[in-house]
$ cat work.txt   # compact mmCIF, C-alpha atoms
# COMPACT_ATOMS: atom_id res chain seq x y z
CA MET Z 1 17.75 -14.66 -71.53
CA GLY Z 2 14.07 -13.93 -71.05
CA SER Z 3 13.58 -17.08 -68.97
CA ILE Z 4 16.50 -16.12 -66.71
CA SER Z 5 14.99 -12.66 -66.20
CA ILE Z 6 11.68 -14.23 -65.24
CA LYS Z 7 13.40 -16.57 -62.77
CA ILE Z 8 15.23 -13.62 -61.16
CA LYS Z 9 11.98 -11.68 -60.82
CA ILE Z 10 10.29 -14.73 -59.24
CA PHE Z 11 13.24 -15.14 -56.84
CA PHE Z 12 13.08 -11.54 -55.67
CA LEU Z 13 9.29 -11.75 -55.39
CA ILE Z 14 9.57 -14.82 -53.15
CA PHE Z 15 12.37 -13.13 -51.15
CA ALA Z 16 10.21 -10.02 -50.67
CA ILE Z 17 7.27 -12.14 -49.52
CA LEU Z 18 9.46 -14.01 -47.01
CA ILE Z 19 10.84 -10.70 -45.64
CA SER Z 20 7.29 -9.41 -45.37
CA PHE Z 21 6.16 -12.54 -43.49
CA SER Z 22 9.18 -12.26 -41.19
CA ALA Z 23 8.37 -8.61 -40.41
CA CYS Z 24 4.74 -9.51 -39.72
CA GLU Z 25 5.81 -12.30 -37.39
CA LYS Z 26 8.07 -9.90 -35.46
CA ARG Z 27 5.26 -7.34 -35.16
CA ASP Z 28 2.88 -10.07 -34.00
CA ALA Z 29 5.43 -11.27 -31.45
CA LYS Z 30 5.84 -7.76 -30.08
CA ARG Z 31 2.07 -7.34 -29.97
CA GLU Z 32 1.68 -10.63 -28.11
CA SER Z 33 4.48 -9.60 -25.76
CA GLY Z 34 2.62 -6.37 -25.05
CA ILE Z 35 -0.59 -8.25 -24.32
CA LYS Z 36 1.20 -10.48 -21.81
CA LYS Z 37 2.32 -7.49 -19.75
CA LEU Z 38 -0.34 -7.30 -17.07
CA VAL Z 39 -2.19 -4.09 -16.30
CA ILE Z 40 -2.69 -3.91 -12.53
CA VAL Z 41 -4.70 -1.27 -10.66
CA THR Z 42 -4.30 -1.01 -6.88
CA SER Z 43 -6.15 1.06 -4.31
CA LEU Z 44 -3.48 2.08 -1.76
CA PHE Z 45 0.29 2.44 -1.72
CA PRO Z 46 1.25 -0.79 0.13
CA LEU Z 47 -0.58 -2.85 -2.49
CA TYR Z 48 1.02 -0.83 -5.28
CA ASP Z 49 4.47 -1.51 -3.89
CA PHE Z 50 3.77 -5.20 -3.17
CA ALA Z 51 2.50 -5.74 -6.73
CA LYS Z 52 5.53 -3.98 -8.25
CA GLU Z 53 7.93 -6.10 -6.20
CA ILE Z 54 6.22 -9.31 -7.34
CA THR Z 55 5.79 -8.50 -11.03
CA LYS Z 56 8.92 -6.39 -11.73
CA ASP Z 57 8.89 -5.66 -15.49
CA LYS Z 58 6.08 -8.09 -16.29
CA ALA Z 59 3.30 -5.63 -15.41
CA THR Z 60 2.24 -2.02 -15.44
CA VAL Z 61 1.09 -1.14 -11.92
CA THR Z 62 -0.92 1.98 -11.09
CA MET Z 63 -2.64 3.31 -7.98
CA LEU Z 64 -6.15 4.77 -7.87
CA LEU Z 65 -5.12 7.13 -5.08
CA PRO Z 66 -3.14 10.03 -6.58
CA PRO Z 67 0.20 10.73 -4.85
CA GLY Z 68 -0.17 13.31 -2.10
CA LEU Z 69 -3.88 12.71 -1.46
CA GLU Z 70 -4.89 11.53 2.02
CA SER Z 71 -6.64 8.19 1.63
CA HIS Z 72 -9.84 9.10 3.48
CA SER Z 73 -10.35 12.10 1.19
CA PHE Z 74 -10.32 9.97 -1.96
CA GLU Z 75 -13.39 9.97 -4.19
CA LEU Z 76 -13.66 7.83 -7.30
CA LYS Z 77 -13.84 9.55 -10.68
CA PRO Z 78 -15.27 8.26 -14.00
CA ALA Z 79 -11.69 7.86 -15.25
CA ASP Z 80 -11.08 5.36 -12.43
CA ILE Z 81 -13.94 3.19 -13.71
CA VAL Z 82 -12.46 3.33 -17.20
CA ALA Z 83 -9.07 2.28 -15.81
CA LEU Z 84 -10.59 -0.65 -13.93
CA ASN Z 85 -12.54 -1.82 -16.97
CA SER Z 86 -9.37 -1.94 -19.04
CA ALA Z 87 -7.23 -3.58 -16.33
CA ASP Z 88 -6.34 -7.25 -15.91
CA VAL Z 89 -6.14 -7.18 -12.11
CA PHE Z 90 -7.59 -4.98 -9.36
CA ILE Z 91 -6.14 -5.23 -5.84
CA PHE Z 92 -7.76 -3.66 -2.78
CA THR Z 93 -7.08 -3.82 0.95
CA ASN Z 94 -10.39 -4.84 2.48
CA LYS Z 95 -14.01 -3.71 2.52
CA HIS Z 96 -13.44 -1.77 5.74
CA MET Z 97 -10.56 0.27 4.33
CA GLU Z 98 -12.29 0.79 0.97
CA PRO Z 99 -16.04 0.62 1.68
CA TRP Z 100 -16.73 1.81 -1.87
CA VAL Z 101 -15.35 -1.38 -3.44
CA ASP Z 102 -18.64 -3.31 -3.55
CA ASP Z 103 -20.46 -0.46 -5.27
CA ILE Z 104 -17.67 0.24 -7.72
CA LEU Z 105 -17.33 -3.38 -8.79
CA LYS Z 106 -21.00 -3.41 -9.76
CA GLY Z 107 -20.09 -0.91 -12.47
CA ILE Z 108 -17.29 -3.04 -13.90
CA SER Z 109 -18.24 -4.49 -17.28
CA SER Z 110 -15.05 -6.49 -17.79
CA HIS Z 111 -15.59 -10.21 -17.16
CA ASP Z 112 -11.85 -10.87 -17.33
CA LEU Z 113 -10.85 -8.64 -14.41
CA VAL Z 114 -9.28 -10.60 -11.55
CA ILE Z 115 -10.21 -8.98 -8.23
CA ILE Z 116 -7.90 -9.57 -5.28
CA ASP Z 117 -9.00 -8.93 -1.69
CA SER Z 118 -5.54 -8.75 -0.18
CA SER Z 119 -6.83 -9.16 3.39
CA LYS Z 120 -8.31 -12.60 2.75
CA GLY Z 121 -7.43 -14.85 5.69
CA ILE Z 122 -6.35 -12.02 8.00
CA LYS Z 123 -8.02 -11.73 11.38
CA LEU Z 124 -9.10 -8.10 11.67
CA ALA Z 125 -8.53 -6.39 15.00
CA GLY Z 126 -11.37 -4.68 16.85
CA GLN Z 127 -11.89 -0.93 16.67
CA ARG Z 128 -14.90 0.41 18.48
CA HIS Z 129 -15.19 3.87 16.93
CA ALA Z 130 -17.42 5.04 14.11
CA HIS Z 131 -17.08 8.55 12.74
CA ALA Z 132 -18.68 11.31 10.70
CA HIS Z 133 -17.58 11.55 7.09
CA ASP Z 134 -18.74 13.23 3.90
CA ASN Z 135 -21.27 15.85 4.94
CA ASP Z 136 -22.02 14.23 8.28
CA LYS Z 137 -23.13 10.93 6.79
CA LYS Z 138 -22.05 7.95 8.84
CA HIS Z 139 -19.04 6.34 7.23
CA LYS Z 140 -18.09 3.23 9.17
CA HIS Z 141 -15.16 0.94 8.96
CA GLY Z 142 -17.39 -1.22 11.15
CA ASN Z 143 -15.88 -2.34 14.42
CA VAL Z 144 -12.53 -3.23 12.91
CA ASP Z 145 -9.21 -1.55 12.29
CA PRO Z 146 -8.48 -1.86 8.55
CA HIS Z 147 -4.78 -0.88 8.62
CA VAL Z 148 -3.69 -4.50 8.43
CA TRP Z 149 -0.41 -3.99 6.54
CA LEU Z 150 1.23 -2.40 9.61
CA ASP Z 151 1.52 -5.86 11.17
CA PHE Z 152 4.20 -7.39 8.98
CA SER Z 153 2.84 -10.90 9.51
CA ASN Z 154 -0.32 -9.61 7.80
CA ALA Z 155 1.79 -8.07 5.04
CA LEU Z 156 3.12 -11.56 4.28
CA ILE Z 157 -0.43 -12.85 3.90
CA MET Z 158 -1.30 -9.94 1.63
CA ILE Z 159 1.68 -10.72 -0.57
CA ASP Z 160 0.55 -14.36 -0.80
CA ASN Z 161 -2.97 -13.27 -1.75
CA ILE Z 162 -1.61 -10.99 -4.46
CA LEU Z 163 0.67 -13.76 -5.74
CA GLU Z 164 -2.25 -16.17 -5.94
CA GLY Z 165 -4.34 -13.75 -8.00
CA LEU Z 166 -1.50 -12.81 -10.34
CA SER Z 167 -0.60 -16.45 -10.94
CA LYS Z 168 -4.24 -17.18 -11.76
CA LYS Z 169 -4.34 -14.37 -14.30
CA ASP Z 170 -0.89 -15.00 -15.78
CA PRO Z 171 0.06 -18.67 -15.22
CA ALA Z 172 2.87 -18.43 -17.77
CA ASN Z 173 4.81 -16.17 -15.39
CA ALA Z 174 3.67 -17.80 -12.14
CA GLY Z 175 7.15 -19.14 -11.35
CA PHE Z 176 8.69 -15.71 -11.88
CA TYR Z 177 6.13 -14.10 -9.57
CA GLU Z 178 6.59 -16.81 -6.94
CA GLN Z 179 10.36 -16.31 -6.79
CA ASN Z 180 10.00 -12.54 -6.50
CA ALA Z 181 7.37 -12.91 -3.79
CA ARG Z 182 9.61 -15.32 -1.87
CA ASN Z 183 12.51 -12.86 -2.01
CA TYR Z 184 10.34 -9.95 -0.98
CA LYS Z 185 8.79 -11.84 1.92
CA LYS Z 186 12.30 -12.55 3.18
CA ARG Z 187 12.97 -8.80 3.25
CA ILE Z 188 9.71 -8.18 5.14
CA THR Z 189 10.58 -10.94 7.63
CA ASP Z 190 14.03 -9.46 8.18
CA LEU Z 191 12.44 -6.06 8.79
CA ASP Z 192 10.00 -7.58 11.29
CA GLU Z 193 12.89 -9.13 13.19
CA LYS Z 194 14.74 -5.81 13.18
CA PHE Z 195 11.68 -4.10 14.68
CA SER Z 196 11.49 -6.76 17.40
CA ARG Z 197 15.17 -6.51 18.29
CA THR Z 198 15.12 -2.72 18.43
CA ILE Z 199 11.92 -2.34 20.43
CA THR Z 200 13.10 -4.93 22.97
CA SER Z 201 15.86 -2.47 23.92
CA CYS Z 202 13.52 0.48 24.48
CA ASP Z 203 13.02 2.18 27.84
CA LYS Z 204 9.44 3.12 26.95
CA LYS Z 205 6.71 0.75 25.81
CA ILE Z 206 4.09 3.39 25.05
CA PHE Z 207 3.77 5.94 22.27
CA VAL Z 208 1.32 8.71 21.51
CA SER Z 209 0.13 9.91 18.11
CA GLY Z 210 -1.53 13.22 17.39
CA GLY Z 211 -3.13 11.62 14.35
CA HIS Z 212 -5.84 9.08 13.65
CA PHE Z 213 -6.00 5.52 14.95
CA SER Z 214 -3.73 3.83 12.43
CA PHE Z 215 -1.04 2.00 14.40
CA GLY Z 216 -2.98 -0.52 16.45
CA TYR Z 217 -1.57 -3.48 14.50
CA LEU Z 218 2.00 -2.24 14.79
CA ALA Z 219 1.64 -1.67 18.55
CA SER Z 220 0.08 -5.09 19.10
CA ARG Z 221 2.77 -6.82 17.06
CA TYR Z 222 5.56 -5.53 19.29
CA GLY Z 223 3.82 -5.40 22.66
CA LEU Z 224 3.44 -1.63 22.78
CA LYS Z 225 0.68 0.54 24.20
CA TYR Z 226 -0.64 3.04 21.68
CA ILE Z 227 -2.73 6.16 22.30
CA SER Z 228 -4.19 8.24 19.47
CA ALA Z 229 -5.61 11.76 19.77
CA PHE Z 230 -8.25 10.85 17.18
CA GLU Z 231 -10.19 7.82 18.28
CA GLY Z 232 -11.41 7.17 14.74
CA PHE Z 233 -10.12 7.15 11.18
CA SER Z 234 -11.74 10.20 9.56
CA PRO Z 235 -9.55 13.24 8.82
CA ASP Z 236 -12.60 15.36 9.64
CA ALA Z 237 -12.91 14.03 13.18
CA GLU Z 238 -11.87 16.21 16.10
CA PRO Z 239 -10.37 14.96 19.36
CA SER Z 240 -12.36 15.89 22.43
CA PRO Z 241 -10.85 18.17 25.12
CA ARG Z 242 -11.10 15.19 27.44
CA GLN Z 243 -9.00 13.05 25.09
CA LEU Z 244 -6.38 15.77 24.70
CA SER Z 245 -6.22 16.23 28.47
CA LYS Z 246 -5.79 12.48 28.91
CA ILE Z 247 -2.95 12.39 26.39
CA ILE Z 248 -1.11 15.30 27.98
CA LYS Z 249 -1.43 13.68 31.41
CA THR Z 250 -0.22 10.32 30.07
CA MET Z 251 2.81 11.85 28.38
CA LYS Z 252 3.84 13.63 31.55
CA GLN Z 253 3.30 10.51 33.69
CA HIS Z 254 5.45 8.35 31.42
CA GLY Z 255 8.09 10.96 30.71
CA LEU Z 256 7.48 10.81 26.97
CA LYS Z 257 9.63 13.30 25.08
CA HIS Z 258 8.14 12.83 21.62
CA ILE Z 259 4.72 12.81 19.99
CA PHE Z 260 4.12 11.32 16.56
CA TYR Z 261 2.23 12.87 13.68
CA GLU Z 262 0.96 11.29 10.45
CA GLU Z 263 1.81 11.75 6.80
CA LEU Z 264 -0.04 14.06 4.39
CA LEU Z 265 -1.97 15.92 7.09
CA THR Z 266 -1.06 19.13 8.90
CA PRO Z 267 0.04 18.11 12.44
CA ARG Z 268 -2.22 20.68 14.09
CA VAL Z 269 -3.28 18.49 17.01
CA ALA Z 270 0.22 17.13 17.55
CA LYS Z 271 1.51 20.70 17.75
CA THR Z 272 -1.16 21.56 20.33
CA ILE Z 273 0.00 18.67 22.50
CA GLN Z 274 3.61 19.68 21.87
CA MET Z 275 2.95 23.17 23.28
CA GLU Z 276 1.49 21.66 26.46
CA THR Z 277 4.20 19.04 27.01
CA GLY Z 278 7.36 20.38 25.36
CA ALA Z 279 7.60 17.15 23.35
CA SER Z 280 9.32 16.98 19.97
CA LEU Z 281 7.43 15.94 16.82
CA LEU Z 282 8.31 12.75 14.95
CA LEU Z 283 6.72 11.38 11.78
CA LEU Z 284 5.13 7.92 11.91
CA HIS Z 285 4.15 6.94 8.38
CA ALA Z 286 1.12 4.67 8.02
CA ALA Z 287 1.88 4.33 4.26
CA HIS Z 288 -1.73 4.69 3.06
CA ASN Z 289 -0.22 6.90 0.39
CA ILE Z 290 2.95 8.82 -0.34
CA SER Z 291 3.66 12.37 -1.48
CA LYS Z 292 4.77 13.28 -4.99
CA ASN Z 293 8.25 13.99 -3.65
CA GLU Z 294 8.41 10.59 -1.94
CA LEU Z 295 7.31 8.88 -5.14
CA ALA Z 296 9.91 10.77 -7.17
CA ALA Z 297 12.57 9.84 -4.61
CA GLY Z 298 11.75 6.15 -5.02
CA GLU Z 299 10.41 5.58 -1.52
CA SER Z 300 9.11 2.06 -0.96
CA PHE Z 301 7.01 0.38 1.70
CA ILE Z 302 10.16 -1.03 3.29
CA SER Z 303 12.06 2.27 3.20
CA LEU Z 304 9.12 4.03 4.88
CA MET Z 305 8.94 1.36 7.57
CA GLU Z 306 12.69 1.62 8.18
CA LYS Z 307 12.26 5.35 8.77
CA ASN Z 308 9.36 4.55 11.10
CA LEU Z 309 11.64 2.26 13.08
CA ALA Z 310 14.29 4.97 13.40
CA ASN Z 311 11.70 7.41 14.73
CA LEU Z 312 10.14 4.84 17.03
CA ALA Z 313 13.57 4.04 18.44
CA LYS Z 314 14.00 7.70 19.22
CA GLY Z 315 10.47 8.18 20.59
CA LEU Z 316 10.62 5.05 22.75
CA GLN Z 317 14.10 5.97 23.99
CA CYS Z 318 15.68 2.76 22.75
CA GLN Z 319 19.23 1.75 23.57
CA GLN Z 320 21.68 1.83 20.69
CA LYS Z 321 23.21 -1.57 19.95

$ encode --input "work.txt" --output "structure tokens"
Amino acid sequence: MGSISIKIKIFFLIFAILISFSACEKRDAKRESGIKKLVIVTSLFPLYDFAKEITKDKATVTMLLPPGLESHSFELKPADIVALNSADVFIFTNKHMEPWVDDILKGISSHDLVIIDSSKGIKLAGQRHAHAHDNDKKHKHGNVDPHVWLDFSNALIMIDNILEGLSKKDPANAGFYEQNARNYKKRITDLDEKFSRTITSCDKKIFVSGGHFSFGYLASRYGLKYISAFEGFSPDAEPSPRQLSKIIKTMKQHGLKHIFYEELLTPRVAKTIQMETGASLLLLHAAHNISKNELAAGESFISLMEKNLANLAKGLQCQQK
């Protein structure tokens, strides 16, 4: 009887040990699964949205730029450095859009961080204006326009650059990322074709913005002439009376009935031009960033561009097909 009791105790002891090992294995599997979920930090909204479309549920994607903040007003905080040091991947637009990148990366202690310059391989368009920024210090984007994502052929290159970096960091999921990128690029290509078809039907081939010079790539892509009240990129810049006079004259000469304004900034200059011309205001979203309400509503890069197309069609007096 005593030997049977001992055998039973040994059996239950072995059973308990096996259950314990099984539980440990499950916890370890969950922990490993958590480690495999990439932590991605992006600078601006287009990169945030591109990365989310490629990785789906395989990554946690965040944006350095808080929702609702105009991109040129952004200043890095110590918490941003902490976030970058704990991230797997950092994606930025280009050194002209984020001139602080070189300095910030010098403070990164993580040797495992994959850094993706999403503009690699893109030919940057010329932009001749420098501007005052941050207490009258010269802040230059150089002689280039950094808003490359507004030419959708550039957006495709950016997606490829992001895919390459993500696949390097997480080769186990490279096939998953590649398929998602392929599907997303098809949607961008379809959108590009829709822009081309719509703009071909327009009576006007010129548009005027009361904001900063952000839409040069978009205009060039579709053969449009583009005039901006602000001949630079800084939100602190002021258009000259001569520039405003030129814009008002141009709008009257071309019979333009609409003037565009930009996201996240009060359309003060656009309203001034509106009073002189009687034009209506239309939003043209450069997608540097989105508002808290837009984020909560689930706005995406593509949905913002579709709204841009609707407003361009109205502003350029396009024919409905």

$ atom_distance --input "work.txt" --atom1 "atom CA of Ala59 of chain Z" --atom2 "atom CA of Tyr177 of chain Z"
10.7 Å

$ residues_around --input "work.txt" --residues "Gly278 of chain Z" --least-positions-apart "5" --cutoff "10 Å" --atoms "only C-alpha atoms" --output "ChimeraX atom specification"
/Z:252,256-259,271-273

$ closest_residue --input "work.txt" --among "Z:Glu70, Z:Asp88, Z:Glu98, Z:Asp192" --to "Lys168 of chain Z" --atoms "only C-alpha atoms"
Z:Asp88

$ atom_distance --input "work.txt" --atom1 "atom CA of Lys225 of chain Z" --atom2 "atom CA of Asp160 of chain Z"
29.1 Å

$ residues_around --input "work.txt" --residues "Lys186 of chain Z" --least-positions-apart "2" --cutoff "12 Å" --atoms "all atoms listed in the file" --output "NGL selection string"
:Z and (152-153 or 155-156 or 159 or 179-184 or 188-193 or 302)

$ atom_distance --input "work.txt" --atom1 "atom CA of Lys205 of chain Z" --atom2 "atom CA of Tyr222 of chain Z"
9.1 Å

$ closest_residue --input "work.txt" --among "Z:Gly223, Z:His96, Z:Val101, Z:Lys120" --to "Asn143 of chain Z" --atoms "all atoms listed in the file"
Z:His96

$ closest_residue --input "work.txt" --among "Z:Asn289, Z:Thr93, Z:Asn173, Z:Gln319" --to "Ile157 of chain Z" --atoms "all atoms listed in the file"
Z:Thr93

$ residues_around --input "work.txt" --residues "Glu263 of chain Z" --least-positions-apart "5" --cutoff "10 Å" --atoms "all atoms listed in the file" --output "tab-separated table (two decimals) with C-alpha atoms, in the frame of the given file"
chain	number	residue	atom	x	y	z
Z	68	GLY	CA	-0.17	13.31	-2.10
Z	70	GLU	CA	-4.89	11.53	2.02
Z	211	GLY	CA	-3.13	11.62	14.35
Z	283	LEU	CA	6.72	11.38	11.78
Z	284	LEU	CA	5.13	7.92	11.91
Z	285	HIS	CA	4.15	6.94	8.38
Z	286	ALA	CA	1.12	4.67	8.02
Z	287	ALA	CA	1.88	4.33	4.26
Z	288	HIS	CA	-1.73	4.69	3.06
Z	289	ASN	CA	-0.22	6.90	0.39
Z	290	ILE	CA	2.95	8.82	-0.34
Z	291	SER	CA	3.66	12.37	-1.48

$ residues_around --input "work.txt" --residues "Leu84 of chain Z" --least-positions-apart "4" --cutoff "7 Å" --atoms "all atoms listed in the file" --output "compact mmCIF listing (two decimals) with C-alpha atoms, in the frame of the given file"
# COMPACT_ATOMS: atom_id res chain seq x y z
CA VAL Z 41 -4.70 -1.27 -10.66
CA ASP Z 80 -11.08 5.36 -12.43
CA PHE Z 90 -7.59 -4.98 -9.36

$ residues_near_point --input "work.txt" --point "(-10.6, -4.6, 7.7)" --cutoff "6 Å" --atoms "all atoms listed in the file" --output "PyMOL selection string"
chain Z and resi 94+96-97+124+144-146

$ write_last_selection --input "work.txt" --atoms "C-alpha atoms" --output "PDB file, in the coordinates of the input"
ATOM      1  CA  ASN Z  94     -10.390  -4.840   2.480  1.00  0.00           C
ATOM      2  CA  HIS Z  96     -13.440  -1.770   5.740  1.00  0.00           C
ATOM      3  CA  MET Z  97     -10.560   0.270   4.330  1.00  0.00           C
ATOM      4  CA  LEU Z 124      -9.100  -8.100  11.670  1.00  0.00           C
ATOM      5  CA  VAL Z 144     -12.530  -3.230  12.910  1.00  0.00           C
ATOM      6  CA  ASP Z 145      -9.210  -1.550  12.290  1.00  0.00           C
ATOM      7  CA  PRO Z 146      -8.480  -1.860   8.550  1.00  0.00           C
TER       8      PRO Z 146
END

$ residues_near_point --input "work.txt" --point "(7.3, -5.7, -7.5)" --cutoff "12 Å" --atoms "only C-alpha atoms" --output "PyMOL selection string"
chain Z and resi 40+46-62+159+162-163+166+176-185+300-301

$ closest_residue --input "work.txt" --among "Z:Val39, Z:Lys307, Z:Leu295, Z:Ala270" --to "Ser86 of chain Z" --atoms "all atoms listed in the file"
Z:Val39

$ closest_residue --input "work.txt" --among "Z:Phe207, Z:Phe213, Z:Tyr226, Z:Phe195" --to "Leu281 of chain Z" --atoms "only C-alpha atoms"
Z:Phe207

$ residues_around --input "work.txt" --residues "Cys202 of chain Z" --least-positions-apart "3" --cutoff "9 Å" --atoms "all atoms listed in the file" --output "short mmCIF file (atom, residue, chain, number, x, y, z; two decimals) with C-alpha atoms, keeping the file's coordinate frame"
data_model
loop_
_atom_site.label_atom_id
_atom_site.label_comp_id
_atom_site.auth_asym_id
_atom_site.auth_seq_id
_atom_site.Cartn_x
_atom_site.Cartn_y
_atom_site.Cartn_z
CA THR Z 198 15.12 -2.72 18.43
CA ILE Z 199 11.92 -2.34 20.43
CA LYS Z 205 6.71 0.75 25.81
CA ALA Z 313 13.57 4.04 18.44
CA LYS Z 314 14.00 7.70 19.22
CA LEU Z 316 10.62 5.05 22.75
CA GLN Z 317 14.10 5.97 23.99
CA CYS Z 318 15.68 2.76 22.75
CA GLN Z 319 19.23 1.75 23.57
#

$ closest_residue --input "work.txt" --among "Z:Leu312, Z:Ile116, Z:Ile91, Z:Val269" --to "Lys204 of chain Z" --atoms "all atoms listed in the file"
Z:Leu312

$ decode --input "work.txt" --residues "segment 186-193 of chain Z" --atoms "all heavy atoms" --output "PDB file, in the first residue's frame"
ATOM      1  N   LYS Z 186      -0.141  49.262 -55.499  1.00  0.00           N
ATOM      2  CA  LYS Z 186      -1.203  49.203 -56.510  1.00  0.00           C
ATOM      3  C   LYS Z 186      -2.261  50.271 -56.239  1.00  0.00           C
ATOM      4  O   LYS Z 186      -2.755  50.937 -57.168  1.00  0.00           O
ATOM      5  CB  LYS Z 186      -1.836  47.807 -56.494  1.00  0.00           C
ATOM      6  CG  LYS Z 186      -3.039  47.637 -57.432  1.00  0.00           C
ATOM      7  CD  LYS Z 186      -2.659  47.806 -58.905  1.00  0.00           C
ATOM      8  CE  LYS Z 186      -3.744  47.313 -59.860  1.00  0.00           C
ATOM      9  NZ  LYS Z 186      -5.056  47.956 -59.661  1.00  0.00           N
ATOM     10  N   ARG Z 187      -2.604  50.480 -54.994  1.00  0.00           N
ATOM     11  CA  ARG Z 187      -3.586  51.503 -54.625  1.00  0.00           C
ATOM     12  C   ARG Z 187      -3.048  52.904 -54.929  1.00  0.00           C
ATOM     13  O   ARG Z 187      -3.791  53.774 -55.408  1.00  0.00           O
ATOM     14  CB  ARG Z 187      -3.950  51.381 -53.147  1.00  0.00           C
ATOM     15  CG  ARG Z 187      -4.701  50.103 -52.792  1.00  0.00           C
ATOM     16  CD  ARG Z 187      -4.854  49.956 -51.299  1.00  0.00           C
ATOM     17  NE  ARG Z 187      -5.642  51.056 -50.748  1.00  0.00           N
ATOM     18  CZ  ARG Z 187      -5.661  51.361 -49.447  1.00  0.00           C
ATOM     19  NH1 ARG Z 187      -4.935  50.667 -48.583  1.00  0.00           N
ATOM     20  NH2 ARG Z 187      -6.395  52.365 -49.021  1.00  0.00           N
ATOM     21  N   ILE Z 188      -1.762  53.117 -54.669  1.00  0.00           N
ATOM     22  CA  ILE Z 188      -1.146  54.421 -54.970  1.00  0.00           C
ATOM     23  C   ILE Z 188      -1.123  54.646 -56.484  1.00  0.00           C
ATOM     24  O   ILE Z 188      -1.424  55.748 -56.975  1.00  0.00           O
ATOM     25  CB  ILE Z 188       0.286  54.492 -54.408  1.00  0.00           C
ATOM     26  CG1 ILE Z 188       0.273  54.440 -52.866  1.00  0.00           C
ATOM     27  CG2 ILE Z 188       0.993  55.757 -54.890  1.00  0.00           C
ATOM     28  CD1 ILE Z 188      -0.254  55.666 -52.184  1.00  0.00           C
ATOM     29  N   THR Z 189      -0.781  53.614 -57.234  1.00  0.00           N
ATOM     30  CA  THR Z 189      -0.761  53.710 -58.700  1.00  0.00           C
ATOM     31  C   THR Z 189      -2.149  54.015 -59.250  1.00  0.00           C
ATOM     32  O   THR Z 189      -2.297  54.848 -60.157  1.00  0.00           O
ATOM     33  CB  THR Z 189      -0.219  52.409 -59.313  1.00  0.00           C
ATOM     34  OG1 THR Z 189       1.118  52.177 -58.833  1.00  0.00           O
ATOM     35  CG2 THR Z 189      -0.185  52.491 -60.829  1.00  0.00           C
ATOM     36  N   ASP Z 190      -3.148  53.356 -58.722  1.00  0.00           N
ATOM     37  CA  ASP Z 190      -4.527  53.618 -59.149  1.00  0.00           C
ATOM     38  C   ASP Z 190      -4.921  55.065 -58.850  1.00  0.00           C
ATOM     39  O   ASP Z 190      -5.598  55.720 -59.667  1.00  0.00           O
ATOM     40  CB  ASP Z 190      -5.500  52.670 -58.444  1.00  0.00           C
ATOM     41  CG  ASP Z 190      -5.371  51.231 -58.923  1.00  0.00           C
ATOM     42  OD1 ASP Z 190      -4.747  51.010 -59.982  1.00  0.00           O
ATOM     43  OD2 ASP Z 190      -5.884  50.325 -58.224  1.00  0.00           O
ATOM     44  N   LEU Z 191      -4.495  55.564 -57.702  1.00  0.00           N
ATOM     45  CA  LEU Z 191      -4.789  56.952 -57.327  1.00  0.00           C
ATOM     46  C   LEU Z 191      -4.093  57.924 -58.271  1.00  0.00           C
ATOM     47  O   LEU Z 191      -4.678  58.929 -58.704  1.00  0.00           O
ATOM     48  CB  LEU Z 191      -4.347  57.205 -55.882  1.00  0.00           C
ATOM     49  CG  LEU Z 191      -4.612  58.603 -55.319  1.00  0.00           C
ATOM     50  CD1 LEU Z 191      -6.103  58.898 -55.264  1.00  0.00           C
ATOM     51  CD2 LEU Z 191      -3.992  58.735 -53.922  1.00  0.00           C
ATOM     52  N   ASP Z 192      -2.858  57.628 -58.622  1.00  0.00           N
ATOM     53  CA  ASP Z 192      -2.097  58.454 -59.561  1.00  0.00           C
ATOM     54  C   ASP Z 192      -2.817  58.536 -60.907  1.00  0.00           C
ATOM     55  O   ASP Z 192      -2.950  59.620 -61.499  1.00  0.00           O
ATOM     56  CB  ASP Z 192      -0.702  57.853 -59.722  1.00  0.00           C
ATOM     57  CG  ASP Z 192       0.221  58.689 -60.586  1.00  0.00           C
ATOM     58  OD1 ASP Z 192       0.085  59.922 -60.598  1.00  0.00           O
ATOM     59  OD2 ASP Z 192       1.085  58.089 -61.253  1.00  0.00           O
ATOM     60  N   GLU Z 193      -3.294  57.406 -61.366  1.00  0.00           N
ATOM     61  CA  GLU Z 193      -4.016  57.370 -62.643  1.00  0.00           C
ATOM     62  C   GLU Z 193      -5.326  58.152 -62.559  1.00  0.00           C
ATOM     63  O   GLU Z 193      -5.732  58.826 -63.516  1.00  0.00           O
ATOM     64  CB  GLU Z 193      -4.280  55.920 -63.048  1.00  0.00           C
ATOM     65  CG  GLU Z 193      -3.006  55.162 -63.400  1.00  0.00           C
ATOM     66  CD  GLU Z 193      -3.244  53.684 -63.632  1.00  0.00           C
ATOM     67  OE1 GLU Z 193      -4.398  53.215 -63.402  1.00  0.00           O
ATOM     68  OE2 GLU Z 193      -2.293  52.979 -64.018  1.00  0.00           O
TER      69      GLU Z 193
END
